[in-house]
$ cat coords_24.txt   # compact mmCIF, C-alpha atoms and all ligand atoms
# COMPACT_ATOMS: atom_id res chain seq x y z
CA MET A 1 13.36 3.76 17.03
CA SER A 2 14.95 6.78 15.36
CA GLU A 3 18.31 5.99 13.90
CA THR A 4 21.12 7.25 11.76
CA HIS A 5 21.57 4.58 9.15
CA GLN A 6 24.01 5.69 6.53
CA HIS A 7 25.42 2.76 4.58
CA ASP A 8 29.22 2.84 4.69
CA ALA A 9 30.51 0.97 1.63
CA THR A 10 34.08 1.04 3.04
CA THR A 11 33.18 -0.96 6.18
CA THR A 12 35.06 -4.26 6.30
CA LYS A 13 32.56 -7.10 6.34
CA ARG A 14 32.95 -9.81 8.97
CA PRO A 15 31.52 -13.31 8.37
CA ALA A 16 28.54 -14.28 10.52
CA GLY A 17 29.63 -17.96 10.62
CA ASN A 18 30.42 -18.65 14.29
CA LEU A 19 27.86 -16.48 15.99
CA ARG A 20 25.58 -17.58 18.83
CA TYR A 21 22.05 -16.35 19.55
CA VAL A 22 21.11 -16.17 23.22
CA CYS A 23 18.36 -14.81 25.41
CA TYR A 24 19.38 -11.93 27.72
CA GLY A 25 18.39 -14.05 30.71
CA ASN A 26 17.44 -13.16 34.25
CA ASP A 27 20.38 -11.00 35.38
CA LYS A 28 19.07 -7.53 36.07
CA GLU A 29 22.43 -5.85 35.59
CA SER A 30 23.79 -8.27 33.04
CA PRO A 31 27.43 -7.86 31.95
CA TYR A 32 25.98 -7.25 28.47
CA LEU A 33 23.98 -4.16 29.47
CA PRO A 34 26.78 -1.63 28.75
CA ALA A 35 27.45 -3.26 25.37
CA ILE A 36 23.73 -3.19 24.51
CA LYS A 37 23.52 0.50 25.38
CA GLN A 38 26.64 1.23 23.33
CA LEU A 39 25.46 -0.72 20.28
CA ILE A 40 22.04 0.89 20.25
CA SER A 41 23.35 4.39 21.01
CA LYS A 42 25.80 4.25 18.11
CA ASP A 43 22.95 4.36 15.61
CA LEU A 44 20.49 6.51 17.50
CA SER A 45 19.94 10.17 16.83
CA GLU A 46 18.36 10.53 20.29
CA PRO A 47 20.11 8.14 22.69
CA TYR A 48 18.11 6.60 25.51
CA SER A 49 19.13 6.89 29.15
CA ILE A 50 20.09 3.79 31.11
CA TYR A 51 16.65 3.90 32.72
CA VAL A 52 15.00 3.18 29.38
CA TYR A 53 17.12 0.05 28.97
CA ARG A 54 16.37 -1.01 32.53
CA TYR A 55 12.65 -0.42 32.00
CA PHE A 56 12.63 -3.03 29.24
CA LEU A 57 15.29 -5.44 30.49
CA TYR A 58 14.15 -5.67 34.11
CA GLN A 59 10.60 -6.56 33.08
CA TRP A 60 10.97 -8.40 29.77
CA SER A 61 14.47 -9.90 29.84
CA ASP A 62 12.99 -13.03 28.25
CA LEU A 63 12.07 -10.93 25.20
CA CYS A 64 15.60 -9.63 24.63
CA PHE A 65 17.90 -11.64 22.37
CA MET A 66 21.57 -11.13 21.61
CA THR A 67 24.00 -12.27 18.95
CA LEU A 68 27.48 -12.98 20.33
CA ASP A 69 30.76 -13.87 18.65
CA GLU A 70 33.21 -16.48 19.94
CA GLN A 71 34.76 -13.95 22.36
CA ASP A 72 31.30 -13.01 23.68
CA ASN A 73 31.36 -9.63 21.96
CA LEU A 74 27.88 -8.27 21.29
CA ILE A 75 27.15 -8.33 17.54
CA GLY A 76 23.40 -7.75 17.58
CA VAL A 77 20.51 -7.17 19.95
CA ILE A 78 16.72 -6.89 20.00
CA VAL A 79 14.80 -5.43 22.97
CA CYS A 80 11.03 -5.89 23.32
CA LYS A 81 8.08 -5.80 25.70
CA LEU A 82 4.65 -7.44 25.86
CA GLU A 83 1.55 -6.09 27.62
CA PRO A 84 -2.14 -5.40 26.98
CA HIS A 85 -2.67 -2.43 24.67
CA ARG A 86 -5.28 -0.06 26.11
CA GLY A 87 -7.29 -2.89 27.55
CA GLY A 88 -7.48 -4.55 24.13
CA PRO A 89 -5.07 -6.89 22.37
CA MET A 90 -1.96 -8.34 24.00
CA ARG A 91 0.59 -6.27 22.13
CA GLY A 92 4.26 -7.12 21.71
CA TYR A 93 6.46 -4.14 20.99
CA ILE A 94 9.90 -4.15 19.42
CA ALA A 95 11.66 -1.20 21.03
CA MET A 96 15.23 -1.54 19.75
CA LEU A 97 17.07 -3.52 17.13
CA ALA A 98 20.67 -3.09 16.00
CA THR A 99 23.60 -5.06 14.59
CA GLN A 100 27.28 -4.13 14.37
CA GLN A 101 27.99 -2.43 11.06
CA GLU A 102 30.67 -4.95 9.92
CA TYR A 103 28.16 -7.79 10.27
CA ARG A 104 25.17 -6.24 8.52
CA GLY A 105 23.42 -7.70 5.52
CA GLN A 106 23.92 -11.32 6.64
CA GLY A 107 20.52 -12.02 8.14
CA ILE A 108 21.48 -11.40 11.78
CA ALA A 109 18.72 -8.86 12.49
CA THR A 110 16.19 -11.01 10.66
CA LYS A 111 17.04 -13.95 12.91
CA LEU A 112 16.79 -11.78 16.05
CA VAL A 113 13.37 -10.51 14.97
CA ARG A 114 12.19 -14.07 14.31
CA MET A 115 13.35 -15.18 17.76
CA ALA A 116 11.57 -12.26 19.42
CA VAL A 117 8.39 -12.86 17.41
CA ASP A 118 8.42 -16.55 18.35
CA ALA A 119 8.93 -15.72 22.03
CA MET A 120 5.99 -13.31 21.93
CA ILE A 121 3.80 -15.85 20.11
CA ALA A 122 4.69 -18.39 22.81
CA LYS A 123 3.40 -15.86 25.36
CA ASP A 124 0.12 -15.53 23.45
CA ALA A 125 0.70 -12.14 21.82
CA ASP A 126 -2.17 -10.96 19.60
CA GLU A 127 -0.07 -8.50 17.62
CA ILE A 128 3.42 -7.04 17.50
CA ALA A 129 4.10 -3.36 16.82
CA LEU A 130 7.07 -1.08 16.27
CA GLU A 131 8.00 2.23 14.71
CA THR A 132 10.75 2.82 12.20
CA GLU A 133 11.82 5.78 10.09
CA ILE A 134 10.14 5.89 6.70
CA ASP A 135 13.50 5.78 4.89
CA ASN A 136 15.08 2.95 6.89
CA ILE A 137 15.05 0.50 3.99
CA PRO A 138 16.88 -2.39 5.74
CA SER A 139 14.48 -2.20 8.67
CA LEU A 140 11.38 -2.03 6.44
CA ARG A 141 12.65 -4.97 4.38
CA ILE A 142 13.14 -7.15 7.42
CA TYR A 143 9.75 -6.46 8.97
CA GLU A 144 7.62 -6.44 5.82
CA ARG A 145 9.14 -9.71 4.64
CA LEU A 146 8.03 -11.24 7.96
CA GLY A 147 4.45 -10.04 7.46
CA PHE A 148 4.40 -6.71 9.29
CA ILE A 149 2.20 -4.11 7.58
CA ARG A 150 2.30 -0.31 7.65
CA THR A 151 -0.73 0.81 9.67
CA LYS A 152 0.11 4.46 10.28
CA ARG A 153 2.41 7.23 9.11
CA LEU A 154 3.52 9.24 12.15
CA HIS A 155 4.46 12.71 10.95
CA ARG A 156 7.61 14.11 12.65
CA TYR A 157 7.41 11.30 15.17
CA TYR A 158 11.00 11.50 16.40
CA LEU A 159 12.68 14.33 18.29
CA ASN A 160 14.92 14.96 15.28
CA GLY A 161 11.78 15.70 13.23
CA ASN A 162 11.89 12.50 11.18
CA THR A 163 8.67 10.76 10.21
CA ALA A 164 7.98 7.13 11.09
CA TYR A 165 5.78 4.26 10.03
CA ARG A 166 4.03 2.18 12.63
CA LEU A 167 4.29 -1.44 11.54
CA ILE A 168 2.10 -4.18 13.00
CA LEU A 169 2.19 -7.95 12.67
CA TYR A 170 -1.29 -9.32 13.37
CA LEU A 171 -1.01 -12.81 14.79
CA LYS A 172 -4.66 -13.79 15.14
CA PRO A 173 -7.76 -13.26 13.03
CA GLY A 174 -10.03 -10.42 14.19
CA ILE A 175 -7.34 -8.58 16.13
CA PRO A 176 -7.52 -5.35 14.06
CA TYR A 177 -11.19 -5.07 15.12
CA LYS A 178 -10.62 -5.66 18.82
CA PRO A 179 -11.79 -2.54 20.70
CA THR A 180 -9.35 -0.59 22.86
CA TYR A 181 -10.02 1.93 25.60
CA PRO A 182 -9.33 4.74 25.07
CA PRO A 183 -9.77 3.95 21.36
CA ASP A 184 -6.81 4.32 18.99
CA TYR A 185 -8.95 6.60 16.86
CA PRO A 186 -11.57 9.01 18.24
CA HIS A 187 -15.15 8.68 17.02
CA MET A 188 -16.28 11.31 14.54
CA GLU A 189 -18.95 13.78 15.54
CA GLY A 190 -21.39 15.95 13.57
CA ASP A 191 -21.74 15.51 9.80
CA ASP A 192 -18.87 13.09 9.51
CA ALA A 193 -20.73 10.68 11.77
CA GLN A 194 -23.37 10.34 9.01
CA ASN A 195 -20.80 9.04 6.59
CA PRO A 196 -18.30 6.74 8.18
CA ALA A 197 -16.48 6.26 4.86
CA GLN A 198 -14.99 9.75 5.07
CA GLY A 199 -12.52 11.50 7.33
CA LEU A 200 -10.47 9.97 10.07
CA LEU A 201 -12.88 7.18 10.83
CA GLY A 202 -13.02 6.31 7.14
CA GLU A 203 -9.25 6.04 6.99
CA ASP A 204 -9.32 3.96 10.10
CA LEU A 205 -11.85 1.58 8.58
CA ILE A 206 -9.84 1.28 5.40
CA GLN A 207 -6.65 0.54 7.32
CA ARG A 208 -8.40 -2.06 9.39
CA GLN A 209 -10.01 -3.69 6.38
CA ALA A 210 -6.67 -3.79 4.60
CA ALA A 211 -5.13 -5.35 7.68
CA GLN A 212 -7.92 -7.91 7.89
CA LEU A 213 -7.37 -8.92 4.26
CA GLN A 214 -3.81 -9.82 5.07
CA ILE A 215 -4.58 -11.78 8.21
CA GLU A 216 -4.70 -15.16 6.54
CA GLU A 217 -1.33 -14.65 4.95
CA VAL A 218 0.20 -13.36 8.16
CA HIS A 219 -1.43 -16.11 10.17
CA GLY A 220 0.20 -18.64 7.84
CA GLN A 221 3.48 -16.82 8.19
CA ARG A 222 3.23 -17.23 11.93
CA HIS A 223 3.60 -20.98 11.60
CA ASP A 224 6.53 -20.56 9.21
CA LEU A 225 8.15 -18.34 11.79
CA LEU A 226 7.82 -20.94 14.49
CA GLN A 227 9.39 -23.61 12.30
CA ALA A 228 12.10 -21.40 10.87
CA SER A 229 13.67 -20.46 14.17
CA GLY A 230 14.01 -23.98 15.52
C1 LIG B 1 18.44 -2.35 10.48
C2 LIG B 1 19.55 -3.30 10.92
C3 LIG B 1 19.23 -3.82 12.31
C4 LIG B 1 19.60 -4.47 9.93
O1 LIG B 1 20.55 -5.41 10.39
P1 LIG B 1 21.12 -6.57 9.43
O2 LIG B 1 21.77 -7.58 10.33
O3 LIG B 1 21.93 -5.98 8.36
O4 LIG B 1 19.77 -7.14 8.83
P2 LIG B 1 19.54 -8.38 7.83
O5 LIG B 1 20.85 -8.79 7.25
O6 LIG B 1 18.75 -9.41 8.56
O7 LIG B 1 18.58 -7.79 6.71
C5 LIG B 1 18.76 -6.49 6.22
C6 LIG B 1 17.96 -6.35 4.96
O8 LIG B 1 18.14 -5.05 4.47
C7 LIG B 1 18.91 -5.08 3.28
N1 LIG B 1 19.88 -4.01 3.39
C8 LIG B 1 20.90 -3.90 4.23
N2 LIG B 1 21.56 -2.74 4.04
C9 LIG B 1 20.90 -2.13 3.03
C10 LIG B 1 21.05 -0.90 2.37
N3 LIG B 1 22.01 -0.05 2.68
N4 LIG B 1 20.17 -0.58 1.38
C11 LIG B 1 19.18 -1.42 1.05
N5 LIG B 1 18.97 -2.60 1.66
C12 LIG B 1 19.83 -2.94 2.62
C13 LIG B 1 19.56 -6.43 3.25
O9 LIG B 1 19.88 -6.79 1.93
C14 LIG B 1 18.46 -7.26 3.87
O10 LIG B 1 17.39 -7.49 2.99
P3 LIG B 1 17.31 -8.80 2.07
O11 LIG B 1 17.49 -9.97 2.99
O12 LIG B 1 15.97 -8.71 1.45
O13 LIG B 1 18.45 -8.70 1.11
C15 LIG B 1 20.94 -2.61 10.90
O14 LIG B 1 21.12 -1.98 9.66
C16 LIG B 1 21.11 -1.59 12.01
O15 LIG B 1 21.55 -1.92 13.12
N6 LIG B 1 20.78 -0.34 11.71
C17 LIG B 1 20.85 0.75 12.69
C18 LIG B 1 19.75 0.64 13.73
C19 LIG B 1 18.40 0.50 13.08
O16 LIG B 1 18.12 1.11 12.07
N7 LIG B 1 17.54 -0.33 13.70
C20 LIG B 1 16.18 -0.59 13.23
C21 LIG B 1 15.28 0.44 13.76
S1 LIG B 1 13.69 -0.23 14.11
$ encode --input "coords_24.txt" --output "structure tokens"
Amino acid sequence: MSETHQHDATTTKRPAGNLRYVCYGNDKESPYLPAIKQLISKDLSEPYSIYVYRYFLYQWSDLCFMTLDEQDNLIGVIVCKLEPHRGGPMRGYIAMLATQQEYRGQGIATKLVRMAVDAMIAKDADEIALETEIDNIPSLRIYERLGFIRTKRLHRYYLNGNTAYRLILYLKPGIPYKPTYPPDYPHMEGDDAQNPAQGLLGEDLIQRQAAQLQIEEVHGQRHDLLQASG
């Protein structure tokens, strides 16, 4: 998600004490939909149409979690989906994440991400992916602390020209090697095919090996995640 994320030091902080965390539920046109759109749009440089929200919420309402205050105001939200990725791994995808500015820095987004990750694990996800701008430090902190790793730098990924990282949390051993069709990375032809340690394929191999090295740690983290959100 591309976002504007200036830190406003003058924002009055609100305590996160009496907040509730709930699943979006089964209502297609939930009373929270306008508030979700408003909260996400506030920080987006390229706002999504209502159809984008409906695309996610009609199909994966059980993978959307909200933080509400005592008056049922929306304080935070995470929107996700889960489906096979190119005939390969079952991939969860975190499409949107935002918290109200006055409540930031109190662990609300971290808790929402944990709840979404747990829900996707319960549905047998193999991996969870997302994109975030390369200078979105709060976002990178949240995801990398939970075990997500940077697998790709996506140059000028967003409409506003900003570059993104793709982050992936691998949930099961061997998942980075699972073939996809069409493949994520094309096979090299000609001379490069003689030396798979060079060029695009070489980078791909290195990324996958690096990912594999971290699997054990991430796999352990998975169990921490399940316990931590209880
Ligand atoms: C990113 C966002 C969801 C984080 O929400 P949050 O409720 O503040 O998140 P948390 O409190 O769980 O954690 C934020 C982490 O970033 C750190 N952080 C917050 N603001 C920061 C800043 N301006 N500079 C550096 N670090 C910052 C926090 O200290 C915390 O890390 P820590 O626990 O290691 O200290 C929120 O800033 C937001 O809505 N931003 C706009 C939308 C967006 O960028 N969404 C993510 C796109 S994928």
$ closest_atom_pairs --input "coords_24.txt" --of "chain A" --to "ligand LIG 1 (chain B)" --cutoff "10 Å" --atoms "only C-alpha atoms and all ligand atoms" --output "CSV"
residue,atom,partner,partner_atom,distance
A:Met1,CA,B:LIG1,S1,5.0
A:Ser2,CA,B:LIG1,C21,6.5
A:Glu3,CA,B:LIG1,O16,5.2
A:Thr4,CA,B:LIG1,C17,6.6
A:His5,CA,B:LIG1,C17,5.3
A:Gln6,CA,B:LIG1,N3,7.2
A:His7,CA,B:LIG1,N3,4.8
A:Asp8,CA,B:LIG1,N3,8.0
A:Ala9,CA,B:LIG1,N3,8.6
A:Ala16,CA,B:LIG1,O2,9.5
A:Leu39,CA,B:LIG1,O15,8.2
A:Ile40,CA,B:LIG1,C18,6.9
A:Ser41,CA,B:LIG1,C18,8.9
A:Lys42,CA,B:LIG1,C17,8.1
A:Asp43,CA,B:LIG1,C17,5.1
A:Leu44,CA,B:LIG1,C18,7.0
A:Ile75,CA,B:LIG1,O2,9.0
A:Gly76,CA,B:LIG1,O2,7.4
A:Val77,CA,B:LIG1,C3,8.4
A:Ile78,CA,B:LIG1,C3,8.7
A:Ile94,CA,B:LIG1,S1,7.6
A:Ala95,CA,B:LIG1,S1,7.3
A:Met96,CA,B:LIG1,S1,6.0
A:Leu97,CA,B:LIG1,N7,4.7
A:Ala98,CA,B:LIG1,O15,3.2
A:Thr99,CA,B:LIG1,O15,4.0
A:Gln100,CA,B:LIG1,O15,6.3
A:Gln101,CA,B:LIG1,O15,6.8
A:Glu102,CA,B:LIG1,O3,8.9
A:Tyr103,CA,B:LIG1,O2,6.4
A:Arg104,CA,B:LIG1,O3,3.3
A:Gly105,CA,B:LIG1,O5,3.3
A:Gln106,CA,B:LIG1,O5,4.0
A:Gly107,CA,B:LIG1,O6,3.2
A:Ile108,CA,B:LIG1,O2,4.1
A:Ala109,CA,B:LIG1,O2,4.0
A:Thr110,CA,B:LIG1,O6,3.7
A:Lys111,CA,B:LIG1,O6,6.5
A:Leu112,CA,B:LIG1,O6,8.1
A:Val113,CA,B:LIG1,O6,8.4
A:Arg114,CA,B:LIG1,O6,9.9
A:Leu130,CA,B:LIG1,S1,7.0
A:Glu131,CA,B:LIG1,S1,6.2
A:Thr132,CA,B:LIG1,S1,4.6
A:Glu133,CA,B:LIG1,C21,7.3
A:Asp135,CA,B:LIG1,O16,9.7
A:Asn136,CA,B:LIG1,O16,6.3
A:Ile137,CA,B:LIG1,C11,5.4
A:Pro138,CA,B:LIG1,O8,3.2
A:Ser139,CA,B:LIG1,C1,4.4
A:Leu140,CA,B:LIG1,O8,7.7
A:Arg141,CA,B:LIG1,O8,5.5
A:Ile142,CA,B:LIG1,C6,5.5
A:Tyr143,CA,B:LIG1,S1,9.0
A:Glu144,CA,B:LIG1,O12,9.7
A:Arg145,CA,B:LIG1,O12,7.6
A:Ala164,CA,B:LIG1,S1,9.8
A:Tyr165,CA,B:LIG1,S1,10.0
A:Leu167,CA,B:LIG1,S1,9.8
$ write_last_selection --input "coords_24.txt" --atoms "C-alpha atoms" --output "mmCIF file, in the coordinates of the input"
data_model
loop_
_atom_site.group_PDB
_atom_site.id
_atom_site.type_symbol
_atom_site.label_atom_id
_atom_site.label_comp_id
_atom_site.auth_asym_id
_atom_site.auth_seq_id
_atom_site.Cartn_x
_atom_site.Cartn_y
_atom_site.Cartn_z
ATOM 1 C CA MET A 1 13.360 3.760 17.030
ATOM 2 C CA SER A 2 14.950 6.780 15.360
ATOM 3 C CA GLU A 3 18.310 5.990 13.900
ATOM 4 C CA THR A 4 21.120 7.250 11.760
ATOM 5 C CA HIS A 5 21.570 4.580 9.150
ATOM 6 C CA GLN A 6 24.010 5.690 6.530
ATOM 7 C CA HIS A 7 25.420 2.760 4.580
ATOM 8 C CA ASP A 8 29.220 2.840 4.690
ATOM 9 C CA ALA A 9 30.510 0.970 1.630
ATOM 10 C CA ALA A 16 28.540 -14.280 10.520
ATOM 11 C CA LEU A 39 25.460 -0.720 20.280
ATOM 12 C CA ILE A 40 22.040 0.890 20.250
ATOM 13 C CA SER A 41 23.350 4.390 21.010
ATOM 14 C CA LYS A 42 25.800 4.250 18.110
ATOM 15 C CA ASP A 43 22.950 4.360 15.610
ATOM 16 C CA LEU A 44 20.490 6.510 17.500
ATOM 17 C CA ILE A 75 27.150 -8.330 17.540
ATOM 18 C CA GLY A 76 23.400 -7.750 17.580
ATOM 19 C CA VAL A 77 20.510 -7.170 19.950
ATOM 20 C CA ILE A 78 16.720 -6.890 20.000
ATOM 21 C CA ILE A 94 9.900 -4.150 19.420
ATOM 22 C CA ALA A 95 11.660 -1.200 21.030
ATOM 23 C CA MET A 96 15.230 -1.540 19.750
ATOM 24 C CA LEU A 97 17.070 -3.520 17.130
ATOM 25 C CA ALA A 98 20.670 -3.090 16.000
ATOM 26 C CA THR A 99 23.600 -5.060 14.590
ATOM 27 C CA GLN A 100 27.280 -4.130 14.370
ATOM 28 C CA GLN A 101 27.990 -2.430 11.060
ATOM 29 C CA GLU A 102 30.670 -4.950 9.920
ATOM 30 C CA TYR A 103 28.160 -7.790 10.270
ATOM 31 C CA ARG A 104 25.170 -6.240 8.520
ATOM 32 C CA GLY A 105 23.420 -7.700 5.520
ATOM 33 C CA GLN A 106 23.920 -11.320 6.640
ATOM 34 C CA GLY A 107 20.520 -12.020 8.140
ATOM 35 C CA ILE A 108 21.480 -11.400 11.780
ATOM 36 C CA ALA A 109 18.720 -8.860 12.490
ATOM 37 C CA THR A 110 16.190 -11.010 10.660
ATOM 38 C CA LYS A 111 17.040 -13.950 12.910
ATOM 39 C CA LEU A 112 16.790 -11.780 16.050
ATOM 40 C CA VAL A 113 13.370 -10.510 14.970
ATOM 41 C CA ARG A 114 12.190 -14.070 14.310
ATOM 42 C CA LEU A 130 7.070 -1.080 16.270
ATOM 43 C CA GLU A 131 8.000 2.230 14.710
ATOM 44 C CA THR A 132 10.750 2.820 12.200
ATOM 45 C CA GLU A 133 11.820 5.780 10.090
ATOM 46 C CA ASP A 135 13.500 5.780 4.890
ATOM 47 C CA ASN A 136 15.080 2.950 6.890
ATOM 48 C CA ILE A 137 15.050 0.500 3.990
ATOM 49 C CA PRO A 138 16.880 -2.390 5.740
ATOM 50 C CA SER A 139 14.480 -2.200 8.670
ATOM 51 C CA LEU A 140 11.380 -2.030 6.440
ATOM 52 C CA ARG A 141 12.650 -4.970 4.380
ATOM 53 C CA ILE A 142 13.140 -7.150 7.420
ATOM 54 C CA TYR A 143 9.750 -6.460 8.970
ATOM 55 C CA GLU A 144 7.620 -6.440 5.820
ATOM 56 C CA ARG A 145 9.140 -9.710 4.640
ATOM 57 C CA ALA A 164 7.980 7.130 11.090
ATOM 58 C CA TYR A 165 5.780 4.260 10.030
ATOM 59 C CA LEU A 167 4.290 -1.440 11.540
#
$ atom_distance --input "coords_24.txt" --atom1 "CA of Asn160 in chain A" --atom2 "CA of Leu82 in chain A"
26.8 Å
$ atom_distance --input "coords_24.txt" --atom1 "CA of Asp126 in chain A" --atom2 "CA of Arg86 in chain A"
13.1 Å
$ closest_residue --input "coords_24.txt" --among "A:Tyr32, A:Glu127, A:Arg14, A:Ala122" --to "Pro84 in chain A" --atoms "only C-alpha atoms"
A:Glu127
$ closest_residue --input "coords_24.txt" --among "A:Asp124, A:Pro31, A:Asp118, A:Tyr93" --to "Ile168 in chain A" --atoms "only C-alpha atoms"
A:Tyr93
$ atom_distance --input "coords_24.txt" --atom1 "CA of Gly88 in chain A" --atom2 "CA of Thr180 in chain A"
4.6 Å
$ closest_residue --input "coords_24.txt" --among "A:Tyr24, A:Tyr170, A:Tyr157, A:Tyr177" --to "Met66 in chain A" --atoms "only C-alpha atoms"
A:Tyr24
$ residues_around --input "coords_24.txt" --residues "Thr163 in chain A" --least-positions-apart "6" --cutoff "8 Å" --atoms "only C-alpha atoms" --output "PDB file with C-alpha atoms, in the frame of the given file"
ATOM      1  CA  GLU A 133      11.820   5.780  10.090  1.00  0.00           C
ATOM      2  CA  ILE A 134      10.140   5.890   6.700  1.00  0.00           C
ATOM      3  CA  ARG A 153       2.410   7.230   9.110  1.00  0.00           C
ATOM      4  CA  LEU A 154       3.520   9.240  12.150  1.00  0.00           C
ATOM      5  CA  HIS A 155       4.460  12.710  10.950  1.00  0.00           C
ATOM      6  CA  ARG A 156       7.610  14.110  12.650  1.00  0.00           C
ATOM      7  CA  TYR A 157       7.410  11.300  15.170  1.00  0.00           C
TER       8      TYR A 157
END
$ residues_around --input "coords_24.txt" --residues "Lys81 in chain A" --least-positions-apart "5" --cutoff "9 Å" --atoms "all atoms listed in the file" --output "CSV table (one decimal) with C-alpha atoms, keeping the file's coordinate frame"
chain,number,residue,atom,x,y,z
A,56,PHE,CA,12.6,-3.0,29.2
A,57,LEU,CA,15.3,-5.4,30.5
A,59,GLN,CA,10.6,-6.6,33.1
A,60,TRP,CA,11.0,-8.4,29.8
A,61,SER,CA,14.5,-9.9,29.8
A,63,LEU,CA,12.1,-10.9,25.2
A,64,CYS,CA,15.6,-9.6,24.6
A,91,ARG,CA,0.6,-6.3,22.1
A,92,GLY,CA,4.3,-7.1,21.7
A,93,TYR,CA,6.5,-4.1,21.0
A,94,ILE,CA,9.9,-4.2,19.4
A,95,ALA,CA,11.7,-1.2,21.0
A,120,MET,CA,6.0,-13.3,21.9
$ closest_residue --input "coords_24.txt" --among "A:Leu159, A:Cys23, A:Ile128, A:Leu169" --to "Glu83 in chain A" --atoms "only C-alpha atoms"
A:Ile128
$ closest_residue --input "coords_24.txt" --among "A:Tyr58, A:Leu146, A:Tyr158, A:Lys13" --to "Asp27 in chain A" --atoms "only C-alpha atoms"
A:Tyr58
$ build_atoms --input "coords_24.txt" --residues "range 102-116 of chain A" --atoms "N, CA and C atoms" --output "mmCIF file, keeping the file's coordinate frame"
data_model
loop_
_atom_site.group_PDB
_atom_site.id
_atom_site.type_symbol
_atom_site.label_atom_id
_atom_site.label_comp_id
_atom_site.auth_asym_id
_atom_site.auth_seq_id
_atom_site.Cartn_x
_atom_site.Cartn_y
_atom_site.Cartn_z
ATOM 1 N N GLU A 102 29.855 -4.005 10.719
ATOM 2 C CA GLU A 102 30.670 -4.950 9.920
ATOM 3 C C GLU A 102 29.944 -6.273 9.679
ATOM 4 N N TYR A 103 28.861 -6.510 10.404
ATOM 5 C CA TYR A 103 28.160 -7.790 10.270
ATOM 6 C C TYR A 103 26.811 -7.649 9.560
ATOM 7 N N ARG A 104 26.520 -6.460 9.080
ATOM 8 C CA ARG A 104 25.170 -6.240 8.520
ATOM 9 C C ARG A 104 24.987 -6.930 7.174
ATOM 10 N N GLY A 105 23.743 -7.115 6.813
ATOM 11 C CA GLY A 105 23.420 -7.700 5.520
ATOM 12 C C GLY A 105 23.629 -9.204 5.454
ATOM 13 N N GLN A 106 23.705 -9.864 6.620
ATOM 14 C CA GLN A 106 23.920 -11.320 6.640
ATOM 15 C C GLN A 106 22.789 -12.047 7.360
ATOM 16 N N GLY A 107 21.698 -11.357 7.558
ATOM 17 C CA GLY A 107 20.520 -12.020 8.140
ATOM 18 C C GLY A 107 20.492 -12.045 9.656
ATOM 19 N N ILE A 108 21.428 -11.341 10.309
ATOM 20 C CA ILE A 108 21.480 -11.400 11.780
ATOM 21 C C ILE A 108 20.233 -10.736 12.398
ATOM 22 N N ALA A 109 19.895 -9.545 11.931
ATOM 23 C CA ALA A 109 18.720 -8.860 12.490
ATOM 24 C C ALA A 109 17.448 -9.644 12.197
ATOM 25 N N THR A 110 17.374 -10.213 11.001
ATOM 26 C CA THR A 110 16.190 -11.010 10.660
ATOM 27 C C THR A 110 16.015 -12.156 11.652
ATOM 28 N N LYS A 111 17.124 -12.824 11.972
ATOM 29 C CA LYS A 111 17.040 -13.950 12.910
ATOM 30 C C LYS A 111 16.621 -13.456 14.304
ATOM 31 N N LEU A 112 17.163 -12.332 14.736
ATOM 32 C CA LEU A 112 16.790 -11.780 16.050
ATOM 33 C C LEU A 112 15.293 -11.448 16.093
ATOM 34 N N VAL A 113 14.801 -10.854 15.006
ATOM 35 C CA VAL A 113 13.370 -10.510 14.970
ATOM 36 C C VAL A 113 12.531 -11.792 15.032
ATOM 37 N N ARG A 114 12.936 -12.803 14.273
ATOM 38 C CA ARG A 114 12.190 -14.070 14.310
ATOM 39 C C ARG A 114 12.159 -14.664 15.707
ATOM 40 N N MET A 115 13.306 -14.622 16.397
ATOM 41 C CA MET A 115 13.350 -15.180 17.760
ATOM 42 C C MET A 115 12.426 -14.408 18.687
ATOM 43 N N ALA A 116 12.436 -13.085 18.561
ATOM 44 C CA ALA A 116 11.570 -12.260 19.420
ATOM 45 C C ALA A 116 10.104 -12.509 19.096
#
